[in-house]
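J.: This is the content of target_24.json (JSON, C-alpha atoms):
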```json
[["chain", "number", "residue", "atom", "x", "y", "z"],
["A", 1, "MET", "CA", 140.15, 51.93, 163.67],
["A", 2, "SER", "CA", 137.97, 50.71, 160.79],
["A", 3, "GLY", "CA", 137.26, 52.91, 157.80],
["A", 4, "CYS", "CA", 133.81, 53.97, 159.01],
["A", 5, "ASP", "CA", 134.32, 54.11, 162.78],
["A", 6, "ARG", "CA", 132.82, 57.02, 164.63],
["A", 7, "ILE", "CA", 135.02, 59.70, 166.15],
["A", 8, "VAL", "CA", 133.66, 61.24, 169.38],
["A", 9, "SER", "CA", 135.23, 64.08, 171.32],
["A", 10, "LYS", "CA", 136.21, 62.57, 174.68],
["A", 11, "GLU", "CA", 136.51, 66.00, 176.30],
["A", 12, "ASP", "CA", 132.85, 66.84, 175.93],
["A", 13, "THR", "CA", 130.71, 63.73, 175.99],
["A", 14, "SER", "CA", 127.75, 65.74, 177.30],
["A", 15, "THR", "CA", 127.10, 67.10, 173.82],
["A", 16, "ASN", "CA", 126.98, 63.56, 172.47],
["A", 17, "ALA", "CA", 128.43, 65.03, 169.23],
["A", 18, "GLN", "CA", 129.44, 62.42, 166.70],
["A", 19, "ILE", "CA", 131.15, 62.78, 163.37],
["A", 20, "THR", "CA", 131.24, 59.88, 160.94],
["A", 21, "ALA", "CA", 134.58, 59.24, 159.29],
["A", 22, "CYS", "CA", 134.57, 57.39, 155.98],
["A", 23, "PRO", "CA", 137.45, 56.09, 153.90],
["A", 24, "GLN", "CA", 138.12, 59.41, 152.18],
["A", 25, "PRO", "CA", 140.83, 62.09, 152.61],
["A", 26, "PHE", "CA", 140.59, 63.80, 156.00],
["A", 27, "GLY", "CA", 140.71, 67.47, 156.85],
["A", 28, "ASN", "CA", 141.06, 69.37, 160.12],
["A", 29, "LYS", "CA", 138.34, 71.52, 161.59],
["A", 30, "ALA", "CA", 138.39, 73.67, 164.73],
["A", 31, "VAL", "CA", 135.52, 73.14, 167.16],
["A", 32, "ASP", "CA", 135.53, 75.27, 170.34],
["A", 33, "GLY", "CA", 139.27, 75.70, 170.06],
["A", 34, "ARG", "CA", 139.92, 72.01, 169.54],
["A", 35, "SER", "CA", 141.03, 70.42, 166.27],
["A", 36, "ILE", "CA", 139.30, 67.26, 165.13],
["A", 37, "GLN", "CA", 139.44, 65.24, 161.93],
["A", 38, "ILE", "CA", 136.45, 65.04, 159.64],
["A", 39, "ALA", "CA", 135.84, 63.20, 156.40],
["A", 40, "VAL", "CA", 135.96, 65.43, 153.33],
["A", 41, "PRO", "CA", 134.05, 63.99, 150.35],
["A", 42, "VAL", "CA", 136.05, 64.20, 147.18],
["A", 43, "THR", "CA", 134.10, 64.88, 143.97],
["A", 44, "PRO", "CA", 136.03, 64.45, 140.72],
["A", 45, "ARG", "CA", 136.47, 67.74, 138.96],
["A", 46, "ALA", "CA", 135.23, 68.16, 135.43],
["A", 47, "LYS", "CA", 138.71, 67.99, 133.94],
["A", 48, "GLU", "CA", 139.26, 64.62, 135.60],
["A", 49, "ILE", "CA", 136.38, 63.03, 133.67],
["A", 50, "ALA", "CA", 137.48, 61.77, 130.27],
["A", 51, "PRO", "CA", 135.04, 62.45, 127.42],
["A", 52, "GLU", "CA", 135.77, 58.94, 126.18],
["A", 53, "LYS", "CA", 134.33, 57.52, 129.39],
["A", 54, "VAL", "CA", 131.10, 59.45, 128.91],
["A", 55, "LEU", "CA", 130.87, 58.28, 125.31],
["A", 56, "GLN", "CA", 131.44, 54.69, 126.36],
["A", 57, "ALA", "CA", 128.57, 54.99, 128.84],
["A", 58, "PHE", "CA", 125.96, 55.21, 126.06],
["A", 59, "ASN", "CA", 127.76, 54.12, 122.90],
["A", 60, "THR", "CA", 126.96, 50.47, 123.48],
["A", 61, "TRP", "CA", 124.96, 47.86, 121.55],
["A", 62, "ALA", "CA", 122.36, 48.04, 124.29],
["A", 63, "PHE", "CA", 121.26, 51.31, 122.64],
["A", 64, "LYS", "CA", 122.91, 51.82, 119.26],
["A", 65, "ARG", "CA", 121.66, 50.09, 116.13],
["A", 66, "GLU", "CA", 124.88, 50.91, 114.26],
["A", 67, "GLN", "CA", 128.08, 52.86, 114.81],
["A", 68, "PRO", "CA", 127.79, 56.67, 115.17],
["A", 69, "ASP", "CA", 128.71, 58.62, 112.07],
["A", 70, "ASN", "CA", 131.27, 60.93, 113.71],
["A", 71, "SER", "CA", 132.74, 59.92, 117.05],
["A", 72, "VAL", "CA", 135.24, 62.80, 116.96],
["A", 73, "ALA", "CA", 132.47, 65.40, 116.76],
["A", 74, "MET", "CA", 130.57, 63.50, 119.46],
["A", 75, "LEU", "CA", 133.58, 63.70, 121.78],
["A", 76, "GLN", "CA", 133.87, 67.41, 121.06],
["A", 77, "SER", "CA", 130.27, 67.96, 122.12],
["A", 78, "ILE", "CA", 130.85, 65.95, 125.28],
["A", 79, "SER", "CA", 134.07, 67.85, 126.04],
["A", 80, "LYS", "CA", 132.30, 71.21, 125.79],
["A", 81, "SER", "CA", 129.72, 70.04, 128.30],
["A", 82, "ILE", "CA", 132.32, 68.66, 130.71],
["A", 83, "ALA", "CA", 134.31, 71.91, 130.60],
["A", 84, "VAL", "CA", 131.37, 73.83, 132.11],
["A", 85, "ARG", "CA", 129.82, 70.93, 134.03],
["A", 86, "ASN", "CA", 126.66, 70.96, 131.92],
["A", 87, "PRO", "CA", 124.59, 67.93, 130.88],
["A", 88, "VAL", "CA", 125.52, 66.44, 127.52],
["A", 89, "PRO", "CA", 122.87, 67.75, 125.06],
["A", 90, "PHE", "CA", 120.89, 65.44, 122.80],
["A", 91, "VAL", "CA", 118.05, 66.23, 120.39],
["A", 92, "LEU", "CA", 115.62, 63.79, 118.81],
["A", 93, "TYR", "CA", 112.86, 64.06, 116.20],
["A", 94, "TRP", "CA", 109.52, 62.74, 117.49],
["A", 95, "GLY", "CA", 106.84, 62.30, 114.84],
["A", 96, "LYS", "CA", 103.16, 61.43, 114.67],
["A", 97, "GLY", "CA", 101.47, 58.38, 113.24],
["A", 98, "PRO", "CA", 97.82, 57.26, 113.12],
["A", 99, "ARG", "CA", 97.22, 57.58, 116.87],
["A", 100, "SER", "CA", 96.12, 60.85, 118.44],
["A", 101, "ASN", "CA", 96.84, 59.81, 122.03],
["A", 102, "ILE", "CA", 99.94, 58.64, 123.82],
["A", 103, "ASP", "CA", 99.99, 54.90, 124.37],
["A", 104, "LYS", "CA", 102.12, 51.96, 125.45],
["A", 105, "PRO", "CA", 104.70, 52.15, 122.62],
["A", 106, "ASP", "CA", 105.37, 55.82, 123.41],
["A", 107, "PHE", "CA", 105.86, 55.07, 127.09],
["A", 108, "GLU", "CA", 108.18, 52.19, 126.26],
["A", 109, "CYS", "CA", 110.26, 54.49, 124.10],
["A", 110, "LEU", "CA", 110.36, 57.25, 126.73],
["A", 111, "ASN", "CA", 111.43, 54.74, 129.36],
["A", 112, "TYR", "CA", 114.13, 53.43, 127.04],
["A", 113, "LEU", "CA", 115.39, 56.97, 126.53],
["A", 114, "ALA", "CA", 115.35, 57.47, 130.30],
["A", 115, "ALA", "CA", 117.53, 54.37, 130.70],
["A", 116, "PHE", "CA", 119.86, 55.85, 128.09],
["A", 117, "THR", "CA", 120.28, 59.13, 129.99],
["A", 118, "HIS", "CA", 120.57, 57.28, 133.30],
["A", 119, "ARG", "CA", 123.56, 55.35, 131.98],
["A", 120, "ILE", "CA", 125.27, 58.66, 131.27],
["A", 121, "SER", "CA", 124.52, 60.12, 134.70],
["A", 122, "LYS", "CA", 126.13, 57.12, 136.40],
["A", 123, "THR", "CA", 129.41, 58.03, 134.73],
["A", 124, "TYR", "CA", 129.04, 61.81, 134.53],
["A", 125, "ALA", "CA", 127.07, 63.44, 137.35],
["A", 126, "PRO", "CA", 125.43, 66.27, 135.34],
["A", 127, "GLY", "CA", 124.04, 63.55, 133.08],
["A", 128, "ALA", "CA", 122.34, 64.26, 129.76],
["A", 129, "ALA", "CA", 119.81, 66.83, 128.59],
["A", 130, "LEU", "CA", 117.42, 65.27, 126.08],
["A", 131, "ARG", "CA", 115.05, 67.38, 124.01],
["A", 132, "LEU", "CA", 112.29, 65.97, 121.81],
["A", 133, "ILE", "CA", 111.62, 67.95, 118.64],
["A", 134, "PHE", "CA", 108.02, 67.35, 117.64],
["A", 135, "THR", "CA", 107.79, 67.21, 113.85],
["A", 136, "ASP", "CA", 104.48, 69.01, 113.50],
["A", 137, "THR", "CA", 105.38, 70.07, 109.95],
["A", 138, "HIS", "CA", 105.71, 66.44, 108.86],
["A", 139, "ALA", "CA", 102.42, 65.53, 110.53],
["A", 140, "GLU", "CA", 100.65, 68.33, 108.68],
["A", 141, "LEU", "CA", 102.17, 67.18, 105.40],
["A", 142, "ASN", "CA", 100.87, 63.66, 106.06],
["A", 143, "GLY", "CA", 97.34, 64.99, 106.40],
["A", 144, "HIS", "CA", 96.79, 64.96, 110.18],
["A", 145, "SER", "CA", 94.50, 67.62, 111.63],
["A", 146, "SER", "CA", 95.87, 70.41, 113.80],
["A", 147, "GLN", "CA", 93.73, 69.24, 116.71],
["A", 148, "ASN", "CA", 95.04, 65.67, 116.59],
["A", 149, "ILE", "CA", 98.61, 66.86, 116.18],
["A", 150, "ARG", "CA", 98.32, 69.15, 119.19],
["A", 151, "GLN", "CA", 96.62, 66.52, 121.34],
["A", 152, "TYR", "CA", 99.19, 63.83, 120.66],
["A", 153, "PHE", "CA", 102.27, 66.00, 121.04],
["A", 154, "ASP", "CA", 100.95, 67.64, 124.21],
["A", 155, "GLU", "CA", 100.46, 64.21, 125.80],
["A", 156, "VAL", "CA", 103.93, 63.07, 124.76],
["A", 157, "ALA", "CA", 105.36, 66.33, 126.11],
["A", 158, "ASP", "CA", 103.79, 65.57, 129.50],
["A", 159, "GLY", "CA", 105.30, 62.08, 129.49],
["A", 160, "ALA", "CA", 108.68, 63.47, 128.48],
["A", 161, "ARG", "CA", 108.57, 66.11, 131.21],
["A", 162, "GLU", "CA", 107.90, 63.47, 133.85],
["A", 163, "ARG", "CA", 111.20, 61.85, 132.84],
["A", 164, "GLY", "CA", 113.17, 65.09, 132.84],
["A", 165, "PHE", "CA", 113.09, 65.68, 129.07],
["A", 166, "GLU", "CA", 112.31, 68.96, 127.35],
["A", 167, "SER", "CA", 110.47, 69.42, 124.08],
["A", 168, "CYS", "CA", 109.86, 71.92, 121.30],
["A", 169, "TRP", "CA", 108.15, 72.05, 117.89],
["A", 170, "LEU", "CA", 110.02, 71.79, 114.61],
["A", 171, "GLY", "CA", 107.73, 74.37, 113.02],
["A", 172, "ASP", "CA", 108.76, 76.94, 115.63],
["A", 173, "LEU", "CA", 112.45, 76.28, 114.99],
["A", 174, "THR", "CA", 111.98, 76.73, 111.26],
["A", 175, "LYS", "CA", 110.01, 79.96, 111.70],
["A", 176, "ALA", "CA", 112.70, 81.34, 114.00],
["A", 177, "ALA", "CA", 115.36, 80.60, 111.40],
["A", 178, "GLU", "CA", 113.27, 82.28, 108.71],
["A", 179, "ALA", "CA", 112.76, 85.34, 110.91],
["A", 180, "ASP", "CA", 116.53, 85.65, 111.30],
["A", 181, "ASN", "CA", 117.03, 85.25, 107.55],
["A", 182, "THR", "CA", 119.03, 82.09, 108.13],
["A", 183, "SER", "CA", 116.70, 79.79, 106.21],
["A", 184, "PRO", "CA", 118.85, 78.33, 103.41],
["A", 185, "LEU", "CA", 118.13, 77.62, 99.81],
["A", 186, "ILE", "CA", 116.71, 74.18, 99.21],
["A", 187, "ASP", "CA", 119.21, 71.60, 97.98],
["A", 188, "GLY", "CA", 118.95, 70.31, 94.44],
["A", 189, "THR", "CA", 117.39, 67.14, 93.17],
["A", 190, "VAL", "CA", 116.70, 64.46, 95.75],
["A", 191, "PRO", "CA", 119.10, 61.51, 95.39],
["A", 192, "GLU", "CA", 117.29, 58.58, 93.82],
["A", 193, "PRO", "CA", 118.00, 56.05, 96.64],
["A", 194, "THR", "CA", 116.72, 58.53, 99.21],
["A", 195, "PHE", "CA", 113.65, 59.29, 97.13],
["A", 196, "GLN", "CA", 112.77, 55.61, 96.81],
["A", 197, "ARG", "CA", 113.00, 55.16, 100.60],
["A", 198, "LEU", "CA", 110.86, 58.23, 101.22],
["A", 199, "LEU", "CA", 108.35, 57.07, 98.63],
["A", 200, "ALA", "CA", 108.02, 53.69, 100.33],
["A", 201, "SER", "CA", 107.31, 55.49, 103.61],
["A", 202, "ALA", "CA", 104.85, 57.88, 101.95],
["A", 203, "MET", "CA", 102.90, 54.95, 100.52],
["A", 204, "LYS", "CA", 102.30, 53.77, 104.09],
["A", 205, "TRP", "CA", 101.65, 57.02, 105.92],
["A", 206, "TYR", "CA", 101.03, 59.91, 103.50],
["A", 207, "ARG", "CA", 97.41, 61.08, 103.48],
["A", 208, "GLY", "CA", 97.95, 64.64, 102.31],
["A", 209, "ASN", "CA", 97.06, 66.41, 99.09],
["A", 210, "GLY", "CA", 98.59, 65.09, 95.91],
["A", 211, "SER", "CA", 100.29, 61.83, 95.07],
["A", 212, "CYS", "CA", 102.68, 59.85, 97.24],
["A", 213, "GLU", "CA", 105.50, 60.90, 94.89],
["A", 214, "GLU", "CA", 104.67, 64.55, 95.49],
["A", 215, "GLY", "CA", 104.47, 63.95, 99.24],
["A", 216, "ALA", "CA", 107.87, 62.26, 99.31],
["A", 217, "LEU", "CA", 109.46, 65.09, 97.34],
["A", 218, "GLU", "CA", 107.94, 67.76, 99.56],
["A", 219, "TYR", "CA", 109.08, 65.86, 102.65],
["A", 220, "TYR", "CA", 112.65, 65.88, 101.36],
["A", 221, "ARG", "CA", 112.53, 69.61, 100.60],
["A", 222, "MET", "CA", 111.19, 70.38, 104.06],
["A", 223, "ASN", "CA", 113.94, 68.37, 105.70],
["A", 224, "MET", "CA", 116.64, 70.27, 103.82],
["A", 225, "VAL", "CA", 115.41, 73.50, 105.41],
["A", 226, "GLU", "CA", 114.54, 72.07, 108.82],
["A", 227, "LYS", "CA", 117.84, 70.31, 109.43],
["A", 228, "ARG", "CA", 119.62, 73.65, 109.20],
["A", 229, "ALA", "CA", 117.13, 75.23, 111.57],
["A", 230, "VAL", "CA", 117.97, 72.49, 114.09],
["A", 231, "GLU", "CA", 121.70, 73.13, 113.62],
["A", 232, "ARG", "CA", 121.09, 76.80, 114.32],
["A", 233, "ALA", "CA", 119.07, 76.14, 117.46],
["A", 234, "PHE", "CA", 121.24, 73.35, 118.94],
["A", 235, "PRO", "CA", 124.76, 73.70, 117.50],
["A", 236, "ASP", "CA", 126.51, 71.64, 120.20],
["A", 237, "SER", "CA", 124.00, 68.80, 120.48],
["A", 238, "ILE", "CA", 124.20, 65.15, 119.50],
["A", 239, "PHE", "CA", 121.35, 64.15, 117.19],
["A", 240, "ILE", "CA", 119.56, 60.88, 117.99],
["A", 241, "THR", "CA", 117.55, 59.08, 115.33],
["A", 242, "PHE", "CA", 115.69, 55.78, 115.15],
["A", 243, "ASN", "CA", 116.49, 55.66, 111.43],
["A", 244, "GLY", "CA", 119.58, 54.08, 109.95],
["A", 245, "SER", "CA", 122.53, 55.77, 108.26],
["A", 246, "GLU", "CA", 120.86, 55.42, 104.85],
["A", 247, "PHE", "CA", 118.85, 58.52, 105.85],
["A", 248, "ARG", "CA", 121.91, 60.52, 106.96],
["A", 249, "GLY", "CA", 121.28, 63.22, 104.36],
["A", 250, "LEU", "CA", 118.03, 64.22, 106.09],
["A", 251, "PHE", "CA", 119.69, 65.01, 109.40],
["A", 252, "PRO", "CA", 121.63, 68.11, 110.54],
["A", 253, "GLN", "CA", 124.91, 67.98, 108.66],
["A", 254, "SER", "CA", 127.09, 69.56, 111.36],
["A", 255, "LEU", "CA", 125.74, 67.48, 114.26],
["A", 256, "PRO", "CA", 127.08, 64.02, 115.12],
["A", 257, "ILE", "CA", 124.42, 61.34, 114.68],
["A", 258, "PHE", "CA", 123.66, 58.55, 117.15],
["A", 259, "TYR", "CA", 121.68, 55.76, 115.48],
["A", 260, "MET", "CA", 119.54, 54.28, 118.25],
["A", 261, "TYR", "CA", 116.98, 51.54, 118.76],
["A", 262, "SER", "CA", 113.53, 52.87, 119.61],
["A", 263, "LEU", "CA", 111.88, 50.70, 122.28],
["A", 264, "ARG", "CA", 114.60, 48.22, 123.21],
["A", 265, "LYS", "CA", 117.54, 46.41, 121.69],
["A", 266, "GLY", "CA", 116.63, 44.99, 118.31],
["A", 267, "ILE", "CA", 113.55, 47.22, 117.78],
["A", 268, "SER", "CA", 113.89, 50.32, 115.60],
["A", 269, "ILE", "CA", 110.30, 50.98, 114.49],
["A", 270, "LYS", "CA", 109.22, 54.43, 115.57],
["A", 271, "PRO", "CA", 106.78, 54.30, 118.50],
["A", 272, "TRP", "CA", 104.29, 56.72, 116.95],
["A", 273, "PHE", "CA", 103.64, 54.20, 114.18],
["A", 274, "LEU", "CA", 102.89, 51.43, 116.67],
["A", 275, "PHE", "CA", 99.72, 50.41, 118.48],
["A", 276, "PRO", "CA", 99.54, 48.88, 121.99],
["A", 277, "ASP", "CA", 99.85, 45.40, 120.52],
["A", 278, "THR", "CA", 103.48, 45.82, 119.59],
["A", 279, "ALA", "CA", 103.86, 42.46, 117.90],
["A", 280, "ALA", "CA", 100.92, 43.10, 115.60],
["A", 281, "CYS", "CA", 102.15, 46.58, 114.86],
["A", 282, "GLU", "CA", 105.65, 45.46, 114.01],
["A", 283, "GLN", "CA", 104.16, 43.20, 111.37],
["A", 284, "ARG", "CA", 101.90, 46.01, 110.18],
["A", 285, "ALA", "CA", 104.73, 48.55, 109.93],
["A", 286, "SER", "CA", 107.25, 46.22, 108.29]]
```
Starting from the file, lay out its structure as structure tokens.
T.:
Amino acid sequence: MSGCDRIVSKEDTSTNAQITACPQPFGNKAVDGRSIQIAVPVTPRAKEIAPEKVLQAFNTWAFKREQPDNSVAMLQSISKSIAVRNPVPFVLYWGKGPRSNIDKPDFECLNYLAAFTHRISKTYAPGAALRLIFTDTHAELNGHSSQNIRQYFDEVADGARERGFESCWLGDLTKAAEADNTSPLIDGTVPEPTFQRLLASAMKWYRGNGSCEEGALEYYRMNMVEKRAVERAFPDSIFITFNGSEFRGLFPQSLPIFYMYSLRKGISIKPWFLFPDTAACEQRAS
């Protein structure tokens, strides 16, 4: 008998009952006093899924722009999820640029992130839980109006929700940490290499009060507080960033960092700084 032949009870053909047997372990089941064999699907238990396999599913050059900073911590996060059959948690900062509406670059990025989580679900059934953290505080610092910030992030939130992603606001996380008296003291002087990188970014995008130097310094100070608020809110998550490791000091210290392309392999420009004409925008943002 072939692996997917049909087994029919010969004693009661009037019921025309059929049970499909597939090439899986069989079990016995009593039907009206008779014992017949049925196929029993076998689903791998959580402990049978190696965390390394889950890591390999997404830690590929199809998504990463450079090696993760702490693979051991990443495996620990994955192991905790596997132990309770939960999705692997990821968090990601999503900022705001000159546009006030969602557009093609944002959709391309969201679709790329969806492909990322899909790769995980093919290896590990519960998949991945991705949460976008909207950096409203950074947008305010850069001089964007509250109305435009709300409009853009609300539209991105809708697009994220359609792909199974959740979202929250960085300002809310920081306020919650402050309410619990867990907001830390600000770190000391900004390292010079980091300051120069932030200053270069501020010269492109900062439209707030004061000079670009003041904006870059305030941005650094905000990040020192906010990264700890993110650690508090999502202690077991893996942090995704479109930045490179040269900005590691701005990200949650206790979370493993996955350095990822933004729209597709080879592209790392943040989608909120791009316009529908991606080629033109890449030149503009470079």
J.: Calculated over all atoms listed in the file, which of the candidates A:Ala216, A:Leu173, A:Val190, A:Met224 has the smallest distance to Lys204 (chain A)?
T.: A:Ala216
J.: Interatomic distance between CA of Glu231 (chain A) and CA of Pro252 (chain A)?
T.: 5.9 Å
J.: Suppose you want the space between CA of Gly208 (chain A) and CA of His144 (chain A); what is it in Å?
T.: 8.0 Å
J.: One number please: CA of Glu66 (chain A) to CA of Ala200 (chain A), in Å, one decimal.
T.: 22.0 Å
J.: Of the candidates A:Leu170, A:Leu75, A:Ala128, A:Cys109, which shows the shortest atom-to-atom distance to Val156 (chain A), using all atoms listed in the file?
T.: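 Under the stated criterion, the closest residue is A:Cys109.
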J.: Near Asp103 (chain A), counting all atoms listed in the file, which residues have an atom at most 7 Å away, once you skip same-chain residues fewer than 3 positions from it, shown as a list in words?
T.: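 In the requested format, the answer is Asp106, Phe107 and Pro276 of chain A.
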J.: Which residues are close to region 89-102 of chain A, i.e. within 6 Å by only C-alpha atoms, leaving aside same-chain residues fewer than 5 positions away? Reply as a PyMOL selection string.
T.: chain A and resi 128-135+139+148+152+155+237-240+272-273
J.: Residues as selected, C-alpha atoms, written as an mmCIF file, in the coordinates of the input, can you do that?
T.:
```cif
data_model
loop_
_atom_site.group_PDB
_atom_site.id
_atom_site.type_symbol
_atom_site.label_atom_id
_atom_site.label_comp_id
_atom_site.auth_asym_id
_atom_site.auth_seq_id
_atom_site.Cartn_x
_atom_site.Cartn_y
_atom_site.Cartn_z
ATOM 1 C CA ALA A 128 122.340 64.260 129.760
ATOM 2 C CA ALA A 129 119.810 66.830 128.590
ATOM 3 C CA LEU A 130 117.420 65.270 126.080
ATOM 4 C CA ARG A 131 115.050 67.380 124.010
ATOM 5 C CA LEU A 132 112.290 65.970 121.810
ATOM 6 C CA ILE A 133 111.620 67.950 118.640
ATOM 7 C CA PHE A 134 108.020 67.350 117.640
ATOM 8 C CA THR A 135 107.790 67.210 113.850
ATOM 9 C CA ALA A 139 102.420 65.530 110.530
ATOM 10 C CA ASN A 148 95.040 65.670 116.590
ATOM 11 C CA TYR A 152 99.190 63.830 120.660
ATOM 12 C CA GLU A 155 100.460 64.210 125.800
ATOM 13 C CA SER A 237 124.000 68.800 120.480
ATOM 14 C CA ILE A 238 124.200 65.150 119.500
ATOM 15 C CA PHE A 239 121.350 64.150 117.190
ATOM 16 C CA ILE A 240 119.560 60.880 117.990
ATOM 17 C CA TRP A 272 104.290 56.720 116.950
ATOM 18 C CA PHE A 273 103.640 54.200 114.180
#
```
J.: Measuring atom to atom with only C-alpha atoms, identify which of A:Val225, A:Ile78, A:Val54, A:Leu113 is nearest to Glu178 (chain A).
T.: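 The shortest atom-to-atom distance to Glu178 (chain A) comes from A:Val225.
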J.: Mind checking which residues fall within 7 Å of Arg65 (chain A), counting only C-alpha atoms, ignoring those fewer than 6 positions away in the same chain, and posting them as a list in words?
T.: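 Residues meeting the cut-off are Tyr259, Met260 and Tyr261 of chain A.
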J.: Would you list the contacts of Glu213 (chain A) as a count of residues only, taking every protein, DNA or RNA residue within 9 Å and counting only C-alpha atoms, but skipping same-chain residues closer than 6 positions in sequence?
T.: 5
J.: What would the list of residues within 8 Å of (95.8, 60.0, 104.7) (file frame) look like as an MDAnalysis selection string, if all atoms listed in the file are what count?
T.: chainID A and resid 142:144 205:208
J.: Can you write out the residues you just picked, keeping C-alpha atoms, as a PDB file, in the frame of the given file?
T.:
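What landed in part33.pdb:
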```
ATOM      1  CA  ASN A 142     100.870  63.660 106.060  1.00  0.00           C
ATOM      2  CA  GLY A 143      97.340  64.990 106.400  1.00  0.00           C
ATOM      3  CA  HIS A 144      96.790  64.960 110.180  1.00  0.00           C
ATOM      4  CA  TRP A 205     101.650  57.020 105.920  1.00  0.00           C
ATOM      5  CA  TYR A 206     101.030  59.910 103.500  1.00  0.00           C
ATOM      6  CA  ARG A 207      97.410  61.080 103.480  1.00  0.00           C
ATOM      7  CA  GLY A 208      97.950  64.640 102.310  1.00  0.00           C
TER       8      GLY A 208
END
```
J.: Taking 5 positions as the minimum chain separation for residues in the same chain, which residues sit within 8 Å of Glu140 (chain A) when counting all atoms listed in the file? Answer as a list of chain:residue names.
T.: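 Within the cut-off, the hits are A:Ser145, A:Ser146, A:Ile149, A:Gly208.
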J.: Please dump the current selection as a compact mmCIF listing (two decimals), in the coordinates of the input; keep C-alpha atoms.
T.:
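Once everything was written out, this is part-v5.txt:
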```
# COMPACT_ATOMS: atom_id res chain seq x y z
CA SER A 145 94.50 67.62 111.63
CA SER A 146 95.87 70.41 113.80
CA ILE A 149 98.61 66.86 116.18
CA GLY A 208 97.95 64.64 102.31
```
J.: Under the rule that only C-alpha atoms are counted, which of A:Ala50, A:Ala179, A:Ala83, A:Leu110 is the nearest residue to Ala157 (chain A)?
T.: A:Leu110
J.: Go ahead and find all residues with at least one atom no further than 12 Å from (132.6, 66.9, 123.2) in the file's coordinates, using only C-alpha atoms; report them as number ranges by chain.
T.: A: 49-55, 70-90, 235-238, 255-256
